[in-house]
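S.K.: One structure follows; several queries about it will come next.
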Amino acid sequence: MAKAIQLAVLKVLMIIIFAGWIAVWIQKPTNMWTRKWKGAEDSSRYTVFGYYGLYFAVYTFPLISLTIIGLVYLNLVSREPPRSRPARSATIGFSNPVLVNSFLGILSSIEILAVFLFVLFLAWTYYARISNDFKKLMPIKSLNLDLWQLKYLRVATRFGLLAEACLALLLLPILRGLALFQILGIQFEASVRYHIWLGTSMILFATIHGASTLFIWGVSHHIQDEKTGRIYLAGEIALVTGLVIWISSLPQIRRRRFEIFYYTHHLYIVFLIFFLFHAGDRHFYSVFAGIFLFGLDKLLRIVQSRPETCVLSARIFLFPDKAIELTLPKDPRLKYTPTSVIYMKIPSISKFQWHPFSITSSSNLDDHTMSVVVKCNGGWTSTFYDVIQAELDSDTGSMSCMPVSIEGPYGPASLDFLRHDSLLMIAGGAGITPFLSILKEIASVNSSRYRFPTQVQLIYVVKKSQDICLLNSVSSLLLNQSSTQLSLKLKVYVTQEERSNATVRGLVNDLSLVRTVNFSTECSKYAVHGPESPIWMAAMAALSSIKFIVSLICFNHIFLPHEKKSAVTEKMVLPSEKKAAKEKTPSSLVDLLLLASFIIALACNNFLASILRWKRLKKDIPPVSPKQGKATEHGLVETRSPVEEHELHFGGRPDFQDIFSKFPNETDGSDIGVLVCGPVSMTESVASLCQLKSQGLNIGSRGKKTYFSFHSLNFTL
């Protein structure tokens with residue numbers, strides 16, 4: 001009961017903070033807010049915090065505090081499976097697909113509502129700003145412009161503010177350790193598309209802003225003054241950098257030339273620095289929360305990925321669609337939820353590239369190891385496959401130590417997505433990997449104490465029948481179900497082969513195309529220890545914000561001493577002298593002080609985090625044991641039943657309409673969870689069916705209304 005009260009209080013606090021931050025952005029374009037804000041800024045100028053403290057407190061700190069409270073909330077949320085399954089939540093319908101479009105993707109009603117409100121906010125901001133500008137429009141003597149040209153200049157300027165609003169949210173969806181979206185149950189792989197939408201919108205508005213300003217510049221043949229010229233130059237550099245990043249992020253380049261996408265994306269540092277010089281510190285504070293959290297999250301992830309661990313063993317699948325199953329050492333105390341993802345870097349292949357992989361093991365079953373399956377269909381993964389294959393061909397029997405850096409695991413904070421009467425899991429190709437961990441998790445805790453679904457059906461679509469041997473790690477669940485309470489039915493669809501006499505049992509147990517290699521563990525004595533606790537992360541976020549504001553106060557009092565004038569002294573100064581005093585400080589100096597304070601705060605926090613990490617490594621985390629280095633052999637599994645209960649279909653794709661119609665009658669469940677991971681076309685087909693079924697038209701054979709809850713496990717990148 002006490003824990004429930006704590007969670008409720010934290011939820012209320014987060015709602016209040018977020019609502020207040022949104023209210024600030026809504027009122028920001030109004031004349032009333034402008035008048036009151038100028039008064040508050042003038043009053044704060046004579047305090048120890050200065051005007052920058054006011055900007056930080058109003059625009060930046062609310063999201064930082066929301067992150068801190070959210071991490072405390074996630075720390076309280078239990079990661080254990082629920083002991084009882086509650087009644088179907090009324091919000092489930094809002095998370096189901098409402099719009100399925102090849103361009104926009106799969107959208108739920110909540111997402112459509114959020115997008116609509118954000119577009120409405122942008123429209124309101126633009127209207128409020130431009131209407132006020134046109135009312136106060138005055139000719140600029142230094143620019144020989146007509147009235148329409150002046151109006152066009154104001155229109156271009158206000159498009160820059162729309163880009164600023166998008167930038168304020170741009171980096172929030174791609175946070176991993178400090179993930180705000182995880183509070184809403186949205187994982188990183190799902191929130192990446194919000195980053196794509198915001199980035200595309202920002203570049204569109206920024207391009208209109210920059211191109212239109214250049215047009216006016218060309219018409220007038222003159223820039224107002226030297227200061228304005230520096231601002232224009234910084235803005236154009238930021239715009240060009242942003243365009244390079246956006247172009248390299250297009251699917252045609254990102255999927256075929258991932259290295260280009262990966263390395264050009266690191267130009268975000270150049271983009272943000274020149275945005276600061278272009279917009280100034282006052283505008284920068286509006287977007288600083290996302291930048292602050294992203295920088296902190298990035299450095300903490302770097303600390304977490306060190307020291308390097310090593311690969312224990314690899315199982316190489318030699319069928320046409322090449323794949324490798326890697327086994328890594330794990331701290332026994334590291335627990336993760338199914339569908340969790342790790343990011344892996346292999347320095348011998350690339351010293352900079354990180355690639356995400358779904359964990360296929362269960363921390364409830366494997367205390368000392370974790371495994372991932374790498375599908376080798378890209379440049380980096382193909383190189384990795386060739387390196388291991390070359391060693392296998394050398395007949396040495398084992399390989400030298402292969403150091404790897406691991407970041408994560410990152411996964412859902414709870415197992416609510418498994419809280420259904422029955423599960424229909426649909427996988428295509430390499431999309432089988434997250435389902436392997438789900439099956440192992442359900443089997444490991446499936447008893448009378450836990451209410452995981454006992455009726456599960458797995459639809460697996462592959463090109464070649466040999467691909468089915470990827471299921472070998474769950475062969476005991478598939479072929480010997482009498483030892484568990486889980487009722488699992490497998491339906492395999494082989495699309496590029498004609499009918500044969502093969503059986504699921506024979507293909508799953510066929511290890512003729514699988515080779516195993518063990519690695520030496522001499523290069524690293526550390527296991528994967530995972531990220532720090534949410535409480536630890538919250539403390540780091542709080543300390544970083546304190547270090548930043550303290551550093552900024554010190555720098556401003558050292559380098560900007562005239563800002564320390566008292567209110568009494570300021571009142572004795574004539575207005576013309578007051579204006580001149582304010583203009584003495586170059587804006588570039590103020591921007592550099594902000595940037596220096598940010599770097600110092602992150603550097604100090606990184607140093608402290610590194611010390612605490614190494615102390616924990618030496619004290620708490622056991623080293624890799626040589627016994628862990630041997631691969632686990634998944635041999636043949638004998639079944640007690642001679643009847644082949646699973647289905648194997650050749651030469652065609654599954655009829656999802658027929659599957660959805662029969663599944664409720666086969667399982668007799670009223671609340672069905674539909675999990676899908678695979679090609680985009682297959683995911684959209686399943687989502688469209690869930691959209692139709694969620695309209696309340698599906699009635700089971702016993703007259704019960706059946707609900708389908710859709711969950712996509714696809715990774716956007």
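FYI, nothing fancy with the structure tokens labels: chains A, B, ... in order, residues from 1 per chain, ligands from 1 as they appear.
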I'd like the contact shell of segment 650-667 of chain A - 10 Å cut-off, only C-alpha atoms, skipping same-chain residues fewer than 2 positions apart - returned as a ChimeraX atom specification.

M.R.: /A:421-424,426,454-457,459-465,487,491-500,648,669-672,674,682,685-686,689-690,693,698-702,704-708

S.K.: Out of segment 357-528 of chain A, which residues get strand (DSSP E or B) from DSSP, as a ChimeraX atom specification?

M.R.: /A:357-359,369-375,398-399,403-410,422-428,455-462,487-494,514-519,526,528

S.K.: Could you save the residues just selected, with N, CA and C atoms, as a compact mmCIF listing (two decimals), in the first residue's frame?

M.R.:
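Dumped everything to part_37.txt:
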```txt
# COMPACT_ATOMS: atom_id res chain seq x y z
N PHE A 357 21.43 -5.21 -30.68
CA PHE A 357 21.01 -6.60 -30.86
C PHE A 357 20.06 -6.99 -29.74
N SER A 358 19.02 -7.75 -30.10
CA SER A 358 18.06 -8.24 -29.10
C SER A 358 18.67 -9.41 -28.34
N ILE A 359 18.49 -9.40 -27.04
CA ILE A 359 18.96 -10.51 -26.20
C ILE A 359 18.02 -11.69 -26.37
N THR A 369 25.58 -16.03 -18.08
CA THR A 369 25.77 -15.71 -19.49
C THR A 369 24.53 -15.04 -20.07
N MET A 370 24.74 -14.32 -21.16
CA MET A 370 23.65 -13.81 -21.98
C MET A 370 24.02 -14.05 -23.44
N SER A 371 23.02 -14.16 -24.28
CA SER A 371 23.28 -14.48 -25.68
C SER A 371 22.50 -13.54 -26.59
N VAL A 372 23.07 -13.30 -27.77
CA VAL A 372 22.42 -12.51 -28.81
C VAL A 372 22.64 -13.21 -30.14
N VAL A 373 21.73 -12.98 -31.08
CA VAL A 373 21.86 -13.53 -32.43
C VAL A 373 22.13 -12.37 -33.38
N VAL A 374 23.21 -12.50 -34.15
CA VAL A 374 23.62 -11.48 -35.10
C VAL A 374 23.32 -11.99 -36.50
N LYS A 375 22.39 -11.34 -37.20
CA LYS A 375 22.10 -11.69 -38.59
C LYS A 375 23.06 -10.93 -39.49
N SER A 398 39.84 -23.29 -31.53
CA SER A 398 39.46 -22.19 -30.65
C SER A 398 40.11 -20.91 -31.15
N MET A 399 39.57 -19.79 -30.70
CA MET A 399 40.06 -18.49 -31.16
C MET A 399 40.69 -17.74 -30.01
N PRO A 403 37.86 -9.00 -27.48
CA PRO A 403 37.25 -8.01 -26.57
C PRO A 403 36.08 -7.31 -27.23
N VAL A 404 35.05 -7.02 -26.46
CA VAL A 404 33.87 -6.29 -26.92
C VAL A 404 33.44 -5.31 -25.84
N SER A 405 32.84 -4.23 -26.27
CA SER A 405 32.24 -3.27 -25.34
C SER A 405 30.73 -3.42 -25.42
N ILE A 406 30.10 -3.48 -24.25
CA ILE A 406 28.65 -3.70 -24.18
C ILE A 406 28.00 -2.53 -23.45
N GLU A 407 26.94 -2.04 -24.04
CA GLU A 407 26.14 -0.98 -23.42
C GLU A 407 24.72 -1.48 -23.25
N GLY A 408 24.21 -1.39 -22.06
CA GLY A 408 22.89 -1.92 -21.77
C GLY A 408 22.98 -3.07 -20.78
N PRO A 409 21.95 -3.90 -20.66
CA PRO A 409 20.74 -3.99 -21.50
C PRO A 409 19.72 -2.87 -21.19
N TYR A 410 18.97 -2.53 -22.25
CA TYR A 410 17.85 -1.61 -22.13
C TYR A 410 16.58 -2.36 -22.50
N SER A 422 -3.74 -14.86 -23.67
CA SER A 422 -2.98 -15.66 -24.62
C SER A 422 -2.18 -14.73 -25.51
N LEU A 423 -1.15 -15.29 -26.13
CA LEU A 423 -0.25 -14.51 -26.97
C LEU A 423 -0.21 -15.08 -28.37
N LEU A 424 -0.26 -14.18 -29.36
CA LEU A 424 -0.03 -14.54 -30.75
C LEU A 424 1.22 -13.79 -31.19
N MET A 425 2.30 -14.53 -31.38
CA MET A 425 3.59 -13.92 -31.72
C MET A 425 3.90 -14.21 -33.18
N ILE A 426 4.21 -13.15 -33.93
CA ILE A 426 4.45 -13.26 -35.37
C ILE A 426 5.84 -12.72 -35.67
N ALA A 427 6.69 -13.58 -36.23
CA ALA A 427 8.08 -13.21 -36.50
C ALA A 427 8.41 -13.47 -37.96
N GLY A 428 9.26 -12.62 -38.50
CA GLY A 428 9.75 -12.82 -39.86
C GLY A 428 11.25 -12.74 -39.91
N GLN A 455 -1.29 -20.01 -23.08
CA GLN A 455 -1.59 -20.35 -24.47
C GLN A 455 -0.82 -19.39 -25.38
N VAL A 456 0.15 -19.95 -26.10
CA VAL A 456 1.00 -19.13 -26.96
C VAL A 456 1.08 -19.79 -28.33
N GLN A 457 0.93 -18.98 -29.36
CA GLN A 457 1.11 -19.46 -30.72
C GLN A 457 2.16 -18.59 -31.41
N LEU A 458 3.16 -19.24 -32.01
CA LEU A 458 4.25 -18.55 -32.68
C LEU A 458 4.15 -18.80 -34.19
N ILE A 459 3.99 -17.71 -34.94
CA ILE A 459 3.99 -17.77 -36.40
C ILE A 459 5.37 -17.31 -36.86
N TYR A 460 6.09 -18.19 -37.55
CA TYR A 460 7.45 -17.88 -37.97
C TYR A 460 7.54 -17.98 -39.49
N VAL A 461 7.85 -16.85 -40.14
CA VAL A 461 7.93 -16.79 -41.60
C VAL A 461 9.40 -16.70 -42.00
N VAL A 462 9.87 -17.66 -42.81
CA VAL A 462 11.27 -17.71 -43.23
C VAL A 462 11.34 -17.94 -44.73
N SER A 487 1.56 -24.02 -23.12
CA SER A 487 1.04 -24.66 -24.33
C SER A 487 1.47 -23.80 -25.51
N LEU A 488 2.49 -24.26 -26.23
CA LEU A 488 3.09 -23.50 -27.31
C LEU A 488 2.89 -24.23 -28.63
N LYS A 489 2.31 -23.53 -29.58
CA LYS A 489 2.11 -24.11 -30.92
C LYS A 489 2.88 -23.28 -31.93
N LEU A 490 3.65 -23.96 -32.76
CA LEU A 490 4.48 -23.30 -33.76
C LEU A 490 3.92 -23.55 -35.16
N LYS A 491 3.81 -22.47 -35.92
CA LYS A 491 3.42 -22.57 -37.33
C LYS A 491 4.50 -21.89 -38.16
N VAL A 492 5.20 -22.68 -38.96
CA VAL A 492 6.30 -22.18 -39.78
C VAL A 492 5.85 -22.09 -41.22
N TYR A 493 6.17 -20.96 -41.86
CA TYR A 493 5.84 -20.74 -43.27
C TYR A 493 7.15 -20.50 -44.03
N VAL A 494 7.51 -21.44 -44.90
CA VAL A 494 8.71 -21.34 -45.73
C VAL A 494 8.28 -20.81 -47.09
N VAL A 514 25.54 -26.01 -38.32
CA VAL A 514 25.92 -25.17 -37.19
C VAL A 514 27.31 -25.58 -36.71
N ARG A 515 28.20 -24.61 -36.57
CA ARG A 515 29.53 -24.86 -36.05
C ARG A 515 29.76 -23.98 -34.83
N THR A 516 30.46 -24.51 -33.86
CA THR A 516 30.67 -23.81 -32.60
C THR A 516 32.16 -23.55 -32.39
N VAL A 517 32.48 -22.39 -31.90
CA VAL A 517 33.86 -22.04 -31.60
C VAL A 517 33.91 -21.37 -30.23
N ASN A 518 34.91 -21.73 -29.44
CA ASN A 518 35.12 -21.15 -28.12
C ASN A 518 36.25 -20.12 -28.19
N PHE A 519 36.13 -19.08 -27.41
CA PHE A 519 37.11 -18.01 -27.39
C PHE A 519 37.90 -18.04 -26.09
N TYR A 526 36.35 -9.11 -16.87
CA TYR A 526 35.10 -8.53 -16.43
C TYR A 526 33.92 -9.06 -17.22
N VAL A 528 29.66 -8.67 -18.21
CA VAL A 528 28.72 -7.58 -18.48
C VAL A 528 27.98 -7.26 -17.18
```

S.K.: Please provide as a list in words all residues within 10 Å of Glu189 of chain A, with the sequence filter that same-chain residues fewer than 2 positions apart are discarded (counting only C-alpha atoms).

M.R.: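 These residues fall inside the cut-off: Pro173, Ile174, Arg176, Ile186, Gln187, Ser191, Val192, Arg193, Val341, Pro356, Tyr410, Gly411, Ser712, Leu713, Asn714, Phe715, Thr716 and Leu717 of chain A.
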
S.K.: From the set A:Trp25, A:Trp380, A:Tyr262, A:Phe292, which residue has the shortest atom-to-atom contact distance to Leu175 of chain A, counting only C-alpha atoms?

M.R.: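 Counting only C-alpha atoms, the residue closest to Leu175 of chain A is A:Phe292.
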
S.K.: Please indicate the distance in Å from atom CA of Val504 of chain A to atom CA of Leu418 of chain A, rounded to one decimal place.

M.R.: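 Separating atom CA of Val504 of chain A from atom CA of Leu418 of chain A is a distance of 25.8 Å.
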
S.K.: Which residues of segment 407-503 of chain A come within 9 Å of segment 179-185 of chain A, and for each one, what is the closest pair of atoms and their distance in Å to one decimal, counting only C-alpha atoms, sorted by chain and residue number, as CSV?

M.R.:
```
residue,atom,partner,partner_atom,distance
A:Gly411,CA,A:Gln182,CA,8.9
A:Pro412,CA,A:Gly185,CA,6.9
A:Ala413,CA,A:Gln182,CA,7.3
A:Ser414,CA,A:Gly185,CA,8.3
A:Asp416,CA,A:Gly185,CA,8.9
```

S.K.: Based on the backbone DSSP call, show me all residues of segment 157-317 of chain A assigned helix (DSSP H, G or I), as a PyMOL selection string.

M.R.: chain A and resi 157-170+172-174+181-184+188-220+226-248+251-254+258-279+281-304

S.K.: Can you list, as a PyMOL selection string, every protein, DNA or RNA residue that comes within 7 Å of segment 587-597 of chain A when you count only C-alpha atoms, leaving out same-chain residues fewer than 4 positions away?

M.R.: chain A and resi 276-277+280-281+548+551-552+555+601

S.K.: Quick one: pull the distance between atom CA of Ser610 of chain A and atom CA of Glu532 of chain A, Å, one decimal.

M.R.: 11.7 Å

S.K.: Find the residues around Leu104 of chain A up to 10 Å (only C-alpha atoms counted), leave out those fewer than 4 positions away in its own chain, and share them as a count of residues only.

M.R.: 4

S.K.: Counting only C-alpha atoms, which residue out of A:Ala289, A:Leu392, A:Gly379, A:Phe317 sits closest to Ile260 of chain A?

M.R.: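 Nearest candidate to Ile260 of chain A out of A:Ala289, A:Leu392, A:Gly379, A:Phe317: A:Gly379.
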
S.K.: Would you compute the distance between atom CA of Ser102 of chain A and atom CA of Ile245 of chain A? Give it in Å to one decimal.

M.R.: 23.4 Å

S.K.: From the list A:Leu153, A:Leu267, A:Ala314, A:Ala323, which residue is nearest His209 of chain A when using only C-alpha atoms?

M.R.: A:Leu153

S.K.: Tell me, as a PyMOL selection string, which residues lie within 12 Å of Ala57 of chain A, counting only C-alpha atoms; anything in the same chain fewer than 3 positions away does not count.

M.R.: chain A and resi 17+21+24+41+44+49-54+60-65+285-286+288-289+545-546+549

S.K.: Quick one: of A:Gln389, A:Phe121, A:Trp37, A:Tyr343, who's nearest to Ala23 of chain A, counting only C-alpha atoms?

M.R.: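 Among A:Gln389, A:Phe121, A:Trp37, A:Tyr343, it is A:Phe121 that comes nearest to Ala23 of chain A.
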